[in-house]
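Everything on this sheet refers to the single structure shown next.
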Amino acid sequence: MRAAAKYGAVTSLGTLVITAVAIAPAGGTTTADAESHGTAVAADRAAAAGISFGVCPKAEMLPANIKCGTVKVPLDYAEPSGRQISLTVSRVRASGKPAEYQGAFVYNPGGPGASSMYFPMAAQLPEWQRIARAYDIVGYAPRGVARSAPLSCEDPAGFAKTPTLAPVHPSTSDKLERIAQAKAYAQGCARRTGPALRHYTSLNNARDLDVLRAALRQERLTFMGASYGTYFGALYATLFPSHVRRMVFDSAVNPVPDQIWYRNNLDQSLAFEGRWADFRAWVAKHDRTFRLGATPEEVARSYEKARARLAAKPAGGKVGPGQLHAAFLGAGYYDDYWVPRATALSEYLKGNEKPLIAQATPRPEGAHGAENANAVYTAVECNDAPWPTEWDVWDRDNSRLARIAPFETWDNAWMNLPCAFWSQPRQQPVDVRTKRGALPPVLILAAERDAATPYAGAKELARRLKGAVLITEEDAGTHGIGGGGNKCVNAHMENYLLRGETPVRRASCAPHPEPDPVSLDRRAGQPKLPHAV
């Protein structure tokens, strides 16, 4: 469900997780039974081996106080003694006194395809310092990501080709070209990885998480997942409720089985239209600063003017309409992009291309990582669930939606179209839910106007995980709010992680302040961790 335009400013979330298809092999044992047994075997093995943490490889670019190691997991949990793959893990030890110590805190930022190897650096941030006194802060790269048995579906140089077009109402020839590209991409994934490709799934991500728990020698898991991480976290809670200590779900995907992937993507595209309108309304309110229009409609016309100009002459030879869209999609995710994006658009229309080129040009040094992230996203998403295999279905649904939500609809469709031509076995969605009392209280964080994971998903997850508590940031749309700019949200998260305290069922927080062009300008250059994806 990640709606990224190649490797632009931000990637959307990937979403949703699935169980394995229950096929009965000889002896009457289902595949699911074999995989459950295999997970227990792998966890016992990991608990005995532990993780040998030491100096991090230079490729991780982490400070010396963070240590790195690996944990081995089966490629196929039905064959726990078969091929093993290594997942990279990072950790910084808790900084508090022994009496404060509460174990390991594992974080996943989403994707699929995102790594949290950087996350131990959060221990130095004010929003995380009290949590970091009590917990070892742990990050890791899930299977397929970065150095964890990495996946690739095409040459990174081809993946990063610029400039590109991004028509909001594509022509027949545009569609035929995209269909051919999607078929080639799906074939490339199968060719480069072979039979192992089928094992890159959300269900296996949940199993890997249990093996990581054991390797960290934690009887029960304390975990925070953002975006896509909420779904395989919810799957973990469904499969291993007795292994859960505390869990935070930040910006939750909708776990209804019929929604999984295809319909969730349509809902996401619709939600981005609303968030795009929020951004334009904010720009219009600051017309004295940006001079892009005094109404949202005038701002839209300024944006379309820039699109047309970039189609005729890409900025710096690299930034075309596709790169413009990727950059402004970031504004749909995070309002801390609003000032720089509006400034870049304003400057571009006045004749200064430099800010737009700086913000929208893909970085050559990031091409390999971006292609890897996209490959993992595609593999997990396509393996996880059934998808329409007839182009007429895609064309009908997205053409209809694009009439009312043109901003993101077709780019989101192209991102996922390889799943129509996927050669690996399809799985069926698991019915994520827990019985009352089976799971300790868990915390769900959600912004009411989040487009990447629409708010309905958080409410649905709260219904399915009995005893869950939902914290809502009202009238706000940032994707991934834990540890961010809302003190009320952070207080709820901190009270839960440090003391196990939650409101009775639900609580609301006022929105964090809208970006202010002057105050944000003064804060430019302050270090920040990557956003949830």
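Going by the structure tokens order, chains are called A, B, ..., each with residues numbered from 1, while ligands are numbered from 1 in the order shown.
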
DSSP-assigned helix (DSSP H, G or I) members of segment 76-306 of chain A, reported as a ChimeraX atom specification: /A:98-100,119-124,129-134,156-159,172-199,202-215,228-239,241-243,257-259,262-285,287-290,296-306

Polymer residues at most 8 Å from Ala468 of chain A, only C-alpha atoms, same-chain spacing of 3 or more positions, as a list in words: Pro441, Val442, Leu443, Ile444, Ala462, Arg463, Leu465 and Arg505 of chain A

Pick from A:Ser227, A:Pro429, A:Asn254, A:Gln359, whichever lies nearest to Gly480 of chain A using only C-alpha atoms: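 Closest to Gly480 of chain A of all the choices is A:Ser227.
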
Spatial neighbours of segment 495-504 of chain A, 10 Å, only C-alpha atoms, chain gap at least 2 places, as a PyMOL selection string: chain A and resi 100-102+105+130-135+222-224+245-248+440-443+467-471+490-493+506-507

Shell around Phe240 of chain A at 12 Å using only C-alpha atoms, local window under 6 positions removed, as number ranges by chain: A: 36, 39-40, 203, 206-207, 209-211, 213, 219-221, 232-234, 432-434, 438-440
